[in-house]
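Asks: Before I ask anything, let me first share the structure, which is written out below as structure tokens.
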Amino acid sequence: MTNLHPLSALLQAHRSIRSYRKDPVDDALVDATLAEALHGSSSSGNLNLVSVIKTRDPARKARLHELHFRQEMVLQAPLVLTFCADTFRTRQWLAARQARLGFADLISWHVSAFDAIILAQTTALALEAQGLGICYMGTTLHAMGEIADFLECPENCLPVTSMVVGWPDEAPAQRDRLPARAWIHNERYQRPTSEDIDAHFGERERRGWERYRSMGPQIMQRMAEHGITHLAQFYTSRIKYDPDIFARDSEQLLELMRSRSFLAPTPSRPGPGEQDGPRNPPLA
Ligand SMILES: Cc1cc2nc3c(=O)[nH]c(=O)nc-3n(C[C@H](O)[C@H](O)[C@H](O)COP(=O)(O)O)c2cc1C
């Protein structure tokens, strides 16, 4: 038997958990884990452009449950973490110190969203290392404005992802991933041929379809009602990632970024002795 590195063992043990025991998750443990995760995450400019909002109150979780498209795990898990891209606090700091205002533009949206996502994944690993289970909720992106309002996020602060956290009450099988040859490239991007597509997705199609079939006749009946005979059709059907809904919610996201001051750069003058536009590498 080979000696597995503890991190490799942790990564191999990862499963999204959607069923939780009632046992509470200690608040001090969560805060300590979050603090450790932030230390263990790279952060653009080390500005830590992120806020994490914990929701434990059952009444408030019930509202989040609605906003997360009634995903049952929100009610069941004792804790929901909402990771927000946040330049608000940093802008407050800049203003308090009479520095040039910044971080209210598309780049800053990306940078703060990356900070939030990087922290979320480090947190996920750190929680899993303690035997806790997590499951991300992409529904955050489709109810971003309502979740932001509910959590009383200020301007320049928007939720980018959420996860439920708790003690697992299930041990699901490991889910497959695309084979390495499908997505790891040497030197240049290698466009897949149609044979490559067959090779890359064949196993996924077989296993994915089998997985849905094993969930009982209801889901297969819904698939049939929507004329779905193949896994690929399912992904962009009305019952999964509907492109029309994505287009609509993308417009909403743009509007939200405008209304929450992520796309409204404050006109600002260069500081004393500075030229317009940074052309030197930023100091780390
Ligand atoms: C950004 C993101 C959003 C996700 N959203 C949901 C979700 O809304 N509901 C859900 O049940 N799982 C969600 N998941 C979990 C994925 O379905 C899961 O990671 C994937 O199927 C692979 O399974 P595994 O995590 O068990 O390996 C999400 C995962 C990510 C990374």
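Naming works like this for the structure tokens: A, B, ... for the chains as they're shown, residue 1 at the start of each chain, ligands 1 onward in shown order.
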Name the residues, by chain letter and number, that sit within 7 Å of ligand 1 using only C-alpha atoms and all ligand atoms, and give them as a VMD selection string.
Replies: chain A and resid 14 to 18 135 to 139 161 174 to 175
Asks: Quick one: DSSP helix (DSSP H, G or I) residues in range 71-277 of chain A, as a PyMOL selection string?
Replies: chain A and resi 73-76+88-96+106-129+138-142+144-150+180-183+194-214+217-225+231-235+243-259
Asks: Using only C-alpha atoms, which protein or nucleic acid residues come within 7 Å of Pro168 in chain A? Drop anything in the same chain fewer than 5 positions from it, and give the result as a list in words.
Replies: Ile17, Ser19, Tyr20, Arg21, Leu132 and Gly133 of chain A
Asks: Store the residues picked out above in a file with C-alpha atoms, as a PDB file, in the first residue's frame.
Replies:
```
ATOM      1  CA  ILE A  17     -22.922  16.332   0.920  1.00  0.00           C
ATOM      2  CA  SER A  19     -27.938  15.229   3.716  1.00  0.00           C
ATOM      3  CA  TYR A  20     -26.950  16.281   7.247  1.00  0.00           C
ATOM      4  CA  ARG A  21     -27.272  15.141  10.845  1.00  0.00           C
ATOM      5  CA  LEU A 132     -17.581  18.183   8.126  1.00  0.00           C
ATOM      6  CA  GLY A 133     -19.508  18.057   4.862  1.00  0.00           C
TER       7      GLY A 133
END
```
Asks: Could you pull the residues within 8 Å of range 115-128 of chain A, counting only C-alpha atoms, minus those fewer than 5 positions along the same chain, as a count of residues only?
Replies: 23
Asks: Under the rule that only C-alpha atoms are counted, which of A:Ala13, A:Leu81, A:Leu151, A:Ala99 is the nearest residue to Gly131 in chain A?
Replies: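 The answer is A:Ala13, which sits nearest to Gly131 in chain A.
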Asks: To one decimal place in Å, what is the distance between CA of Ala35 in chain A and CA of Met257 in chain A?
Replies: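 Result for CA of Ala35 in chain A versus CA of Met257 in chain A: 27.7 Å, one decimal.
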Asks: Could you please write out, as a PyMOL selection string, every residue of range 35-172 of chain A that DSSP assigns to strand (DSSP E or B)?
Replies: chain A and resi 50-55+79-86+133-137+157-166+168
Asks: Show which residues sit within 10 Å of range 178-180 of chain A, as a JSON list (two decimals) with C-alpha atoms, in the first residue's frame. Count only C-alpha atoms, and ignore same-chain residues fewer than 2 positions away.
Replies:
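File written: part-v5.json
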```json
[["chain", "number", "residue", "atom", "x", "y", "z"],
["A", 176, "ASP", "CA", -16.25, 11.15, -11.94],
["A", 182, "ALA", "CA", -9.45, 16.27, -22.08],
["A", 183, "TRP", "CA", -8.35, 19.41, -20.31],
["A", 184, "ILE", "CA", -4.58, 19.38, -19.64],
["A", 185, "HIS", "CA", -2.67, 20.81, -22.60],
["A", 199, "ALA", "CA", -13.37, 9.61, -25.91],
["A", 200, "HIS", "CA", -13.53, 12.48, -23.40],
["A", 201, "PHE", "CA", -17.27, 12.36, -22.78],
["A", 202, "GLY", "CA", -18.14, 8.71, -23.40],
["A", 203, "GLU", "CA", -17.64, 7.50, -19.87],
["A", 204, "ARG", "CA", -19.35, 10.60, -18.44]]
```
Asks: Excluding range 229-241 of chain A and residues on its chain fewer than 4 positions from it, collect all residues at most 9 Å away from it, counting only C-alpha atoms, and give them as number ranges by chain.
Replies: A: 204-206, 208-209, 222-224, 245-246
Asks: Interatomic distance between CA of Leu283 in chain A and CA of Val52 in chain A?
Replies: 27.2 Å
Asks: Counting only C-alpha atoms, what is within 7 Å of Thr82 in chain A, bar same-chain residues fewer than 6 positions away, as a ChimeraX atom specification?
Replies: /A:52-54,159,161-163
Asks: Just the number, please: distance in Å from CA of Arg63 in chain A to CA of Asp149 in chain A, one decimal.
Replies: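 Computing it gives 11.8 Å between the two atoms.
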